[in-house]
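Novice: CSV, C-alpha atoms, file run.csv:
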chain,number,residue,atom,x,y,z
A,364,MET,CA,125.6,144.3,29.0
A,365,SER,CA,125.6,142.5,25.7
A,366,ARG,CA,125.6,144.3,22.4
A,367,THR,CA,122.1,143.4,21.6
A,368,ASN,CA,120.9,145.2,24.8
A,369,LYS,CA,122.7,148.4,24.0
A,370,PRO,CA,120.9,151.2,22.2
A,371,ILE,CA,121.7,151.8,18.5
A,372,LEU,CA,123.3,155.1,17.6
A,373,VAL,CA,122.2,156.8,14.4
A,374,PHE,CA,124.0,160.0,13.1
A,375,GLN,CA,122.8,162.7,10.8
A,376,THR,CA,124.8,165.9,10.0
A,377,ASP,CA,125.5,168.4,7.3
A,378,PHE,CA,129.2,167.4,7.3
A,379,THR,CA,129.1,165.2,4.1
A,380,TYR,CA,132.0,162.7,3.6
A,381,ALA,CA,134.3,165.2,2.0
A,382,GLU,CA,136.7,165.3,5.0
A,383,GLY,CA,137.2,163.5,8.3
A,384,ALA,CA,134.5,164.9,10.5
A,385,VAL,CA,132.1,161.9,10.3
A,386,SER,CA,135.0,159.4,10.8
A,387,SER,CA,136.3,161.2,13.9
A,388,MET,CA,132.8,161.2,15.5
A,389,TYR,CA,132.6,157.5,14.9
A,390,GLY,CA,136.1,157.0,16.3
A,391,VAL,CA,135.1,158.8,19.5
A,392,VAL,CA,132.1,156.5,19.9
A,393,LYS,CA,134.2,153.4,19.4
A,394,SER,CA,136.8,154.7,21.8
A,395,VAL,CA,134.1,154.9,24.5
A,396,ASP,CA,132.7,151.4,23.7
A,397,ARG,CA,133.7,149.3,20.7
A,398,GLU,CA,130.5,147.2,21.0
A,399,LEU,CA,128.2,150.2,20.1
A,400,GLU,CA,126.4,149.9,16.7
A,401,ILE,CA,126.5,153.0,14.5
A,402,PHE,CA,124.3,153.7,11.5
A,403,ASP,CA,124.0,156.7,9.2
A,404,GLY,CA,120.8,158.6,8.8
A,405,THR,CA,122.3,161.1,6.4
A,406,HIS,CA,125.3,163.4,6.2
A,407,TYR,CA,123.9,165.5,3.4
A,408,ILE,CA,121.6,167.8,5.3
A,409,PRO,CA,122.0,171.2,3.5
A,410,ARG,CA,124.6,173.3,5.3
A,411,PHE,CA,123.3,175.0,8.4
A,412,ASP,CA,119.7,174.0,7.5
A,413,VAL,CA,118.1,173.3,10.9
A,414,TRP,CA,114.7,173.0,9.3
A,415,SER,CA,115.9,170.0,7.2
A,416,ALA,CA,117.5,168.5,10.3
A,417,SER,CA,114.2,168.7,12.1
A,418,TYR,CA,112.2,167.2,9.3
A,419,ARG,CA,114.6,164.3,8.7
A,420,LEU,CA,114.4,163.4,12.4
A,421,TYR,CA,110.6,163.2,12.1
A,422,GLN,CA,110.9,161.3,8.8
A,423,SER,CA,113.1,158.5,10.0
A,424,LEU,CA,113.4,158.3,13.8
A,425,PRO,CA,110.0,156.7,14.5
A,426,PHE,CA,110.9,153.7,12.3
A,427,TRP,CA,114.0,152.8,14.5
A,428,PRO,CA,113.6,150.5,17.5
A,429,GLU,CA,112.5,152.0,20.8
A,430,GLY,CA,115.5,153.3,22.8
A,431,THR,CA,117.5,154.3,19.7
A,432,ILE,CA,119.7,157.3,20.2
A,433,TYR,CA,119.7,159.7,17.3
A,434,VAL,CA,122.6,162.2,17.1
A,435,SER,CA,121.7,165.1,15.0
A,436,VAL,CA,124.3,167.8,14.4
A,437,VAL,CA,123.4,170.7,12.3
A,438,ASP,CA,124.8,173.5,14.4
A,439,PRO,CA,125.4,176.9,12.9
A,440,GLY,CA,125.7,178.3,16.4
A,441,VAL,CA,128.4,175.8,17.6
A,442,GLY,CA,130.2,177.2,20.6
A,443,THR,CA,127.6,179.8,21.4
A,444,PRO,CA,125.3,179.8,24.4
A,445,ARG,CA,122.6,177.7,22.6
A,446,ARG,CA,121.8,174.7,24.7
A,447,ALA,CA,123.2,171.2,23.9
A,448,CYS,CA,120.6,168.7,24.9
A,449,VAL,CA,119.2,165.2,24.9
A,450,ALA,CA,115.4,164.9,24.4
A,451,LYS,CA,113.3,161.9,25.1
A,452,THR,CA,110.4,161.4,22.7
A,453,ALA,CA,106.9,160.1,23.5
A,454,ASP,CA,107.6,156.9,21.6
A,455,GLY,CA,110.7,156.1,23.6
A,456,HIS,CA,113.6,157.4,21.4
A,457,TYR,CA,116.4,159.8,22.3
A,458,VAL,CA,117.8,162.8,20.3
A,459,VAL,CA,121.2,164.3,21.0
A,460,THR,CA,121.3,167.7,19.4
A,461,PRO,CA,121.8,171.4,19.7
A,462,ASP,CA,118.5,172.9,20.9
A,463,ASN,CA,118.2,175.3,17.9
A,464,GLY,CA,115.0,174.3,16.3
A,465,ALA,CA,116.0,170.8,15.3
A,466,LEU,CA,113.3,169.3,17.6
A,467,THR,CA,110.5,171.2,16.0
A,468,HIS,CA,108.8,168.4,14.0
A,469,LEU,CA,109.3,165.8,16.6
A,470,ALA,CA,107.8,168.1,19.3
A,471,ARG,CA,104.8,168.8,17.1
A,472,TYR,CA,104.0,165.4,15.6
A,473,VAL,CA,105.5,162.8,18.0
A,474,GLY,CA,105.9,164.6,21.3
A,475,ILE,CA,108.8,165.2,23.7
A,476,THR,CA,108.3,164.1,27.3
A,477,GLU,CA,111.6,165.3,28.8
A,478,VAL,CA,114.7,167.2,27.9
A,479,ARG,CA,118.1,167.5,29.6
A,480,GLU,CA,120.9,170.0,29.0
A,481,ILE,CA,124.2,168.1,28.6
A,482,ASP,CA,126.6,168.7,31.5
A,483,GLU,CA,129.8,169.6,29.7
A,484,ALA,CA,131.8,169.2,32.9
A,485,ILE,CA,131.4,165.4,32.7
A,486,ASN,CA,130.0,164.7,29.3
A,487,ARG,CA,132.5,166.5,27.0
A,488,ASN,CA,135.6,164.8,25.7
A,489,PRO,CA,138.4,165.9,28.1
A,490,ASN,CA,141.0,165.5,25.4
A,491,THR,CA,139.7,168.3,23.1
A,492,ARG,CA,138.8,171.1,25.5
A,493,GLY,CA,141.0,173.6,23.6
A,494,THR,CA,138.5,173.9,20.7
A,495,SER,CA,134.8,175.0,20.6
A,496,VAL,CA,134.0,174.4,17.0
A,497,PHE,CA,133.4,170.6,16.8
A,498,HIS,CA,130.7,169.7,19.3
A,499,GLY,CA,129.5,166.9,17.0
A,500,ARG,CA,132.6,165.0,18.0
A,501,ASP,CA,133.6,166.5,21.3
A,502,LEU,CA,130.1,166.8,23.0
A,503,PHE,CA,127.2,165.2,21.2
A,504,GLY,CA,128.9,162.1,19.9
A,505,TYR,CA,130.9,161.6,23.1
A,506,CYS,CA,127.8,162.1,25.4
A,507,ALA,CA,125.7,159.8,23.2
A,508,ALA,CA,128.3,157.1,23.4
A,509,ARG,CA,128.6,157.3,27.2
A,510,PHE,CA,124.8,157.1,27.5
A,511,ALA,CA,124.4,154.3,25.1
A,512,SER,CA,127.2,152.2,26.7
A,513,GLY,CA,125.7,152.7,30.2
A,514,ILE,CA,128.6,154.7,31.6
A,515,ILE,CA,126.1,157.4,32.5
A,516,THR,CA,122.4,157.2,33.3
A,517,TRP,CA,119.7,159.4,31.8
A,518,GLU,CA,119.8,161.5,35.0
A,519,GLU,CA,123.6,161.9,34.7
A,520,ILE,CA,123.4,163.5,31.2
A,521,GLY,CA,122.6,166.8,32.9
A,522,PRO,CA,119.8,168.8,34.5
A,523,THR,CA,116.3,168.9,33.1
A,524,TYR,CA,114.7,172.0,31.7
A,525,PRO,CA,111.0,172.6,30.8
A,526,VAL,CA,109.9,171.1,27.6
A,527,ASP,CA,108.1,174.3,26.7
A,528,GLU,CA,111.5,176.0,26.6
A,529,ILE,CA,112.6,173.9,23.6
A,530,VAL,CA,113.4,176.1,20.6
A,531,LEU,CA,110.7,175.6,17.9
A,532,LEU,CA,110.7,177.0,14.4
A,533,PRO,CA,107.5,178.6,13.1
A,534,MET,CA,105.2,176.3,11.2
A,535,ALA,CA,101.8,177.0,9.8
A,536,GLU,CA,99.1,174.3,10.4
A,537,PRO,CA,97.1,172.9,7.5
A,538,VAL,CA,93.7,174.5,7.2
A,539,VAL,CA,90.5,173.7,5.4
A,540,ASN,CA,88.2,176.6,4.5
A,541,GLU,CA,85.2,176.1,2.2
A,542,GLY,CA,87.0,173.3,0.3
A,543,LEU,CA,90.3,175.2,0.0
A,544,VAL,CA,93.1,173.3,1.7
A,545,THR,CA,96.2,175.3,2.6
A,546,GLY,CA,99.6,174.3,4.1
A,547,ILE,CA,103.3,174.6,3.4
A,548,VAL,CA,105.9,172.8,1.4
A,549,ASP,CA,107.5,171.1,4.4
A,550,ILE,CA,110.5,169.5,2.6
A,551,ILE,CA,111.7,168.5,-0.9
A,552,ASP,CA,113.0,165.2,-2.0
A,553,PRO,CA,116.5,166.3,-3.2
A,554,ASN,CA,117.0,163.2,-5.4
A,555,PHE,CA,113.8,162.9,-7.3
A,556,GLY,CA,112.6,166.5,-6.9
A,557,ASN,CA,109.2,165.9,-5.3
A,558,ALA,CA,107.6,168.5,-3.0
A,559,TRP,CA,106.2,167.3,0.3
A,560,THR,CA,103.6,169.3,2.1
A,561,ASN,CA,102.5,169.2,5.7
A,562,ILE,CA,98.9,168.4,4.7
A,563,PRO,CA,97.8,164.9,5.9
A,564,LEU,CA,95.7,162.8,3.6
A,565,SER,CA,93.0,163.0,6.3
A,566,VAL,CA,92.7,166.7,5.7
A,567,PHE,CA,92.0,166.1,2.1
A,568,GLU,CA,89.4,163.6,3.0
A,569,GLU,CA,87.9,166.3,5.4
A,570,ALA,CA,87.7,168.6,2.4
A,571,GLY,CA,85.9,166.0,0.3
A,572,ILE,CA,88.9,165.3,-2.0
A,573,SER,CA,89.4,161.8,-3.2
A,574,TYR,CA,91.8,159.9,-5.5
A,575,GLY,CA,91.0,160.6,-9.1
A,576,ASP,CA,89.8,164.2,-8.4
A,577,ARG,CA,91.5,167.0,-10.3
A,578,LEU,CA,92.8,169.9,-8.2
A,579,HIS,CA,93.9,173.5,-8.6
A,580,LEU,CA,97.3,174.0,-7.1
A,581,LEU,CA,98.9,177.3,-6.0
A,582,VAL,CA,102.5,177.5,-4.7
A,583,ARG,CA,103.7,180.8,-3.2
A,584,HIS,CA,107.0,181.9,-1.8
A,585,GLY,CA,105.9,184.6,0.6
A,586,ASP,CA,103.7,186.8,-1.5
A,587,ALA,CA,105.3,185.7,-4.8
A,588,LEU,CA,103.4,183.2,-7.0
A,589,VAL,CA,105.7,180.4,-8.1
A,590,LEU,CA,103.3,177.9,-9.7
A,591,GLU,CA,99.6,177.8,-10.6
A,592,THR,CA,98.4,174.6,-12.3
A,593,ASP,CA,95.8,171.9,-12.4
A,594,LEU,CA,96.7,168.3,-11.6
A,595,PRO,CA,95.1,165.0,-10.6
A,596,LEU,CA,95.3,163.3,-7.1
A,597,CYS,CA,96.8,159.9,-7.8
A,598,ARG,CA,97.8,156.8,-5.9
A,599,THR,CA,100.9,156.1,-8.0
A,600,PHE,CA,103.2,158.0,-10.3
A,601,GLY,CA,102.4,155.6,-13.2
A,602,GLU,CA,98.8,157.0,-13.4
A,603,VAL,CA,100.1,159.9,-15.5
A,604,GLY,CA,102.6,160.1,-18.4
A,605,LYS,CA,106.3,160.9,-18.0
A,606,GLY,CA,106.7,164.6,-17.3
A,607,GLU,CA,103.0,165.1,-16.3
A,608,LEU,CA,102.0,166.7,-13.0
A,609,LEU,CA,100.3,164.9,-10.2
A,610,ALA,CA,99.6,165.0,-6.5
A,611,TYR,CA,99.9,161.9,-4.4
A,612,THR,CA,100.2,160.6,-0.8
A,613,ASN,CA,103.8,160.2,0.3
A,614,GLU,CA,105.2,157.5,2.7
A,615,LEU,CA,104.3,159.7,5.7
A,616,MET,CA,100.7,159.9,4.6
A,617,ASN,CA,101.0,163.6,3.7
A,618,ILE,CA,100.1,165.1,0.3
A,619,SER,CA,102.9,165.7,-2.1
A,620,PHE,CA,103.1,167.0,-5.7
A,621,THR,CA,105.6,166.4,-8.5
A,622,MET,CA,106.1,165.5,-12.2
A,623,ASN,CA,106.4,161.8,-13.1
A,624,GLN,CA,110.1,161.1,-13.5
A,625,VAL,CA,110.9,164.8,-13.7
A,626,SER,CA,112.0,167.1,-10.9
A,627,ILE,CA,109.2,169.6,-10.2
A,628,VAL,CA,111.7,171.3,-7.8
A,629,GLU,CA,114.1,172.0,-10.6
A,630,GLN,CA,111.4,172.7,-13.2
A,631,TYR,CA,109.8,175.5,-11.2
A,632,GLY,CA,112.4,176.5,-8.6
A,633,ILE,CA,110.3,175.2,-5.6
A,634,GLY,CA,111.8,175.5,-2.1
A,635,PHE,CA,110.5,174.6,1.3
A,636,GLY,CA,110.0,175.9,4.8
A,637,SER,CA,107.6,178.1,6.8
A,638,ASP,CA,107.3,180.7,4.0
A,639,TRP,CA,106.5,178.3,1.1
A,640,PHE,CA,102.7,178.1,1.0
A,641,VAL,CA,100.5,175.7,-0.9
A,642,SER,CA,96.8,175.5,-1.5
A,643,PHE,CA,94.7,172.9,-3.2
A,644,LYS,CA,91.0,173.1,-4.3
A,645,LYS,CA,89.0,170.4,-6.0
A,646,LEU,CA,87.9,171.3,-9.5
A,647,LYS,CA,84.2,170.9,-10.4
A,648,ASN,CA,83.4,168.1,-12.8
A,649,VAL,CA,82.4,169.4,-16.2
How would this structure read if it were set down as structure tokens?

Specialist:
Amino acid sequence: MSRTNKPILVFQTDFTYAEGAVSSMYGVVKSVDRELEIFDGTHYIPRFDVWSASYRLYQSLPFWPEGTIYVSVVDPGVGTPRRACVAKTADGHYVVTPDNGALTHLARYVGITEVREIDEAINRNPNTRGTSVFHGRDLFGYCAARFASGIITWEEIGPTYPVDEIVLLPMAEPVVNEGLVTGIVDIIDPNFGNAWTNIPLSVFEEAGISYGDRLHLLVRHGDALVLETDLPLCRTFGEVGKGELLAYTNELMNISFTMNQVSIVEQYGIGFGSDWFVSFKKLKNV
């Protein structure tokens, strides 16, 4: 099999590059098959943050070629009875990951058609059986390399289990009620400090909200009010002055909000996840 016919491997972890974990994972892959291509998704997922791992898979995986194998290792339960799995998505990608909630966004927005539990008897690196704390190298990376190289088939990864047994994190759906649109802060942009919601642009359109409208925004963390303000819905950041608030449509066609060239996350201490609630309502013209 030529290199061009072998699946691409993409890795994301919370390991950073501060020590040798990422390098050793890649070494295992190349020891299995030197022709395999490896790319980085990110190695800066916040430590132990399974929600972020789930979101970053949804954000990037659909843009890789069909057949790509994405290895996602954010594994606070490493070595415990949580399942180690390979999931096949509805658009023809594969995700090698602990089944600990990291498949939540893909299951909800893309779809998962089949999932297999990795058989550690044949798909775990036999040279490192004395340790149980580095499955990124010894199980997930090793199994992904064997699958990508054609050493094992899809069926030989391990036994299937029901898709409805995949561990999913709780997530509130966006809702429109009498012009009020509610959802959650799904993720933040850690570099620029923008807040991304799970509200699609189509939901705004359903609520009668258009570009140029001014909106009333509420952000709550649980029951605590974090931010209440008015802001315009813009197509681009440049429609407001530096430091001014705006809402806009991000690259995944969901509504986001920020400050032009200033981190709204740092300015107001905004976080993300299932308990960070947002609401938008169109202001009446005066």

Novice: Closest to Leu608 in chain A among A:Ala453, A:Leu646, A:Leu590, A:Ala507, using all atoms listed in the file?

Specialist: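 The closest residue to Leu608 in chain A is A:Leu590.
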
Novice: Between CA of Leu596 in chain A and CA of Ser573 in chain A, what distance in Å does the model show, to one decimal?

Specialist: 7.2 Å

Novice: Which residue is closest to Ala508 in chain A? Choose from A:Leu588, A:Ala384, A:Ile432, A:Leu469 and count all atoms listed in the file.

Specialist: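 For Ala508 in chain A, the nearest of the given residues is A:Ile432.
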
Novice: With only C-alpha atoms counted and 12 Å as the cut-off, give the residues of range 402-508 of chain A in contact with range 512-516 of chain A, each with its shortest interatomic distance in Å and the pair that gives it, as CSV.

Specialist:
residue,atom,partner,partner_atom,distance
A:Ile432,CA,A:Ser512,CA,11.2
A:Arg479,CA,A:Thr516,CA,11.8
A:Ile481,CA,A:Ile515,CA,11.5
A:Asp482,CA,A:Ile515,CA,11.4
A:Ile485,CA,A:Ile515,CA,9.6
A:Asn486,CA,A:Ile515,CA,8.9
A:Tyr505,CA,A:Ser512,CA,10.7
A:Cys506,CA,A:Ile515,CA,8.7
A:Ala507,CA,A:Ser512,CA,8.5
A:Ala508,CA,A:Ser512,CA,6.0

Novice: Extract, using all atoms listed in the file, all DNA, RNA and protein residues at most 12 Å from Tyr524 in chain A, discarding same-chain residues fewer than 6 positions from it, and format them as a ChimeraX atom specification.

Specialist: /A:446-450,462,476-481,530

Novice: Please produce a file of the residues just selected, as a PDB file, keeping the file's coordinate frame, where the atoms kept are C-alpha atoms.

Specialist:
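Heads up, here's the output in result-v4.pdb:
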ATOM      1  CA  ARG A 446     121.800 174.700  24.700  1.00  0.00           C
ATOM      2  CA  ALA A 447     123.200 171.200  23.900  1.00  0.00           C
ATOM      3  CA  CYS A 448     120.600 168.700  24.900  1.00  0.00           C
ATOM      4  CA  VAL A 449     119.200 165.200  24.900  1.00  0.00           C
ATOM      5  CA  ALA A 450     115.400 164.900  24.400  1.00  0.00           C
ATOM      6  CA  ASP A 462     118.500 172.900  20.900  1.00  0.00           C
ATOM      7  CA  THR A 476     108.300 164.100  27.300  1.00  0.00           C
ATOM      8  CA  GLU A 477     111.600 165.300  28.800  1.00  0.00           C
ATOM      9  CA  VAL A 478     114.700 167.200  27.900  1.00  0.00           C
ATOM     10  CA  ARG A 479     118.100 167.500  29.600  1.00  0.00           C
ATOM     11  CA  GLU A 480     120.900 170.000  29.000  1.00  0.00           C
ATOM     12  CA  ILE A 481     124.200 168.100  28.600  1.00  0.00           C
ATOM     13  CA  VAL A 530     113.400 176.100  20.600  1.00  0.00           C
TER      14      VAL A 530
END

Novice: Using only C-alpha atoms, pick whichever of A:Met534, A:Ala610, A:Val413, A:Ala484 has the shortest atom-to-atom distance to Ile547 in chain A.

Specialist: A:Met534

Novice: Quick one: of A:Ala570, A:Gly430, A:Gly474, A:Thr405, who's nearest to Glu541 in chain A, counting all atoms listed in the file?

Specialist: A:Ala570

Novice: So, with only C-alpha atoms as the atoms that count, which of A:Val391, A:Val437, A:Leu399, A:Leu564 lies closest to Arg598 in chain A?

Specialist: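 Looking only at the distances to Arg598 in chain A, the closest residue turns out to be A:Leu564.
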
Novice: May I ask for the distance between CA of Gly455 in chain A and CA of Tyr407 in chain A, given in Å to one decimal place?

Specialist: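 Result for CA of Gly455 in chain A versus CA of Tyr407 in chain A: 25.9 Å, one decimal.
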
Novice: Skip Val539 in chain A itself and residues of its chain fewer than 6 positions away, then list as a compact mmCIF listing (two decimals) with C-alpha atoms, keeping the file's coordinate frame all residues within 9 Å of it, counting all atoms listed in the file.

Specialist:
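As written to disk, around39.txt reads:
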# COMPACT_ATOMS: atom_id res chain seq x y z
CA THR A 545 96.20 175.30 2.60
CA VAL A 566 92.70 166.70 5.70
CA PHE A 567 92.00 166.10 2.10
CA GLU A 569 87.90 166.30 5.40
CA ALA A 570 87.70 168.60 2.40

Novice: Report, in Å with one decimal, the straight-line distance from CA of Asp527 in chain A to CA of Arg445 in chain A.

Specialist: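 These atoms are spaced 15.4 Å apart.
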